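Undergrad: Structure file structure-v9.csv, CSV, C-alpha atoms, is pasted below:
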```
chain,number,residue,atom,x,y,z
A,1,MET,CA,-3.8,-17.1,-12.8
A,2,ALA,CA,-5.1,-14.6,-10.3
A,3,GLN,CA,-3.2,-11.3,-9.9
A,4,ARG,CA,-1.7,-10.8,-6.5
A,5,ARG,CA,-3.4,-7.9,-4.8
A,6,VAL,CA,-1.9,-5.1,-2.6
A,7,ILE,CA,-3.8,-4.5,0.6
A,8,VAL,CA,-3.3,-1.3,2.6
A,9,TYR,CA,-4.7,-1.8,6.1
A,10,PRO,CA,-6.5,0.9,8.2
A,11,PRO,CA,-4.4,3.6,9.7
A,12,LEU,CA,-2.8,2.9,13.1
A,13,VAL,CA,-2.5,5.4,15.9
A,14,THR,CA,1.0,6.2,14.7
A,15,GLY,CA,-0.4,7.3,11.3
A,16,SER,CA,1.2,4.3,9.5
A,17,ARG,CA,-0.6,1.7,7.5
A,18,ARG,CA,0.5,-1.9,7.1
A,19,VAL,CA,1.0,-3.1,3.5
A,20,ARG,CA,0.5,-6.6,2.2
A,21,PHE,CA,1.3,-7.9,-1.3
A,22,GLY,CA,-0.2,-11.4,-1.9
A,23,ASP,CA,0.7,-13.4,1.2
A,24,GLN,CA,3.7,-11.2,2.2
A,25,ILE,CA,3.6,-8.3,4.6
A,26,LEU,CA,5.8,-5.7,3.0
A,27,GLY,CA,6.0,-3.3,6.0
A,28,THR,CA,4.4,-0.1,7.1
A,29,ALA,CA,3.9,3.1,5.1
A,30,TYR,CA,3.3,6.7,6.4
A,31,SER,CA,2.5,8.2,3.0
A,32,LEU,CA,1.9,7.4,-0.7
A,33,MET,CA,5.6,7.8,-1.3
A,34,ASP,CA,6.4,5.2,1.3
A,35,LEU,CA,3.9,2.8,-0.2
A,36,ALA,CA,5.4,3.3,-3.6
A,37,VAL,CA,8.9,2.5,-2.2
A,38,LEU,CA,7.6,-0.7,-0.5
A,39,LEU,CA,6.0,-1.8,-3.8
A,40,ARG,CA,9.2,-1.1,-5.8
A,41,HIS,CA,11.2,-3.2,-3.3
A,42,ALA,CA,8.6,-6.0,-3.8
A,43,GLY,CA,9.5,-6.0,-7.5
A,44,LEU,CA,6.8,-3.6,-8.9
A,45,ASP,CA,9.2,-1.4,-10.9
A,46,ASP,CA,8.4,2.2,-12.0
A,47,VAL,CA,5.7,2.7,-9.3
A,48,ASP,CA,5.2,6.2,-8.0
A,49,ALA,CA,2.9,7.9,-5.6
A,50,LEU,CA,0.3,8.8,-8.3
A,51,ASP,CA,0.3,5.2,-9.5
A,52,VAL,CA,-0.6,3.9,-6.0
A,53,ALA,CA,-3.3,6.5,-5.5
A,54,GLU,CA,-5.1,5.5,-8.7
A,55,SER,CA,-4.3,1.8,-8.9
A,56,ASP,CA,-7.2,-0.7,-9.2
A,57,VAL,CA,-4.8,-3.4,-7.9
A,58,ILE,CA,-4.7,-1.8,-4.4
A,59,GLU,CA,-7.4,-2.5,-1.8
A,60,TRP,CA,-7.7,0.3,0.7
A,61,HIS,CA,-9.1,-0.8,4.0
A,62,GLY,CA,-10.2,1.9,6.5
A,63,GLY,CA,-9.9,4.8,4.1
A,64,GLY,CA,-8.5,5.5,0.7
A,65,PRO,CA,-5.1,6.9,-0.4
A,66,GLU,CA,-5.8,10.3,1.3
A,67,VAL,CA,-6.3,8.7,4.8
A,68,TRP,CA,-3.1,8.2,6.8
A,69,LYS,CA,-4.2,9.1,10.4
A,70,ARG,CA,-7.0,7.8,12.6
```
Would you mind writing the structure in this file as structure tokens?

TA:
Amino acid sequence: MAQRRVIVYPPLVTGSRRVRFGDQILGTAYSLMDLAVLLRHAGLDDVDALDVAESDVIEWHGGGPEVWKR
């Protein structure tokens, strides 16, 4: 069974990034902390900002975890 991936889309003009988990859009994040909160709400318990910055399950499009503005 394939593991569902998290996709963090390129930054928008607002500085936010859309976040998708599998086939579900979780919402938008403005920081690593926001991303961690979205993932916890999606059922990924015990996720923090350091986890999301270093995770190999997350695909970063348009820049890595340090990029939040265009």

Undergrad: Using all atoms listed in the file, determine which residues lie at most 8 Å from range 29-41 of chain A, disregarding the query and same-chain residues fewer than 4 positions distant; provide the list as a VMD selection string.

TA: chain A and resid 15 to 19 45 to 50 52 to 53 65 68

Undergrad: Which polymer residues, whether protein, DNA or RNA, lie within 9 Å of the coordinate (2.8, -8.6, 0.3) when you count all atoms listed in the file? List them as a list in words, using the chain letters and numbers from the file.

TA: Arg4, Arg5, Val6, Ile7, Val19, Arg20, Phe21, Gly22, Asp23, Gln24, Ile25, Leu26, Gly27, Leu39 and Ala42 of chain A

Undergrad: Please report the interatomic distance between CA of Ile58 in chain A and CA of Leu44 in chain A in Å with one decimal.

TA: 12.5 Å

Undergrad: Just the number, please: distance in Å from CA of His61 in chain A to CA of Leu12 in chain A, one decimal.

TA: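 That distance, rounded to one decimal, is 11.7 Å.
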
Undergrad: Have a look at A:Val13, A:Gly43, A:Val8, A:Glu66 and name the one nearest to Thr28 in chain A; count only C-alpha atoms.

TA: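 Selected residue with least distance to Thr28 in chain A: A:Val8.
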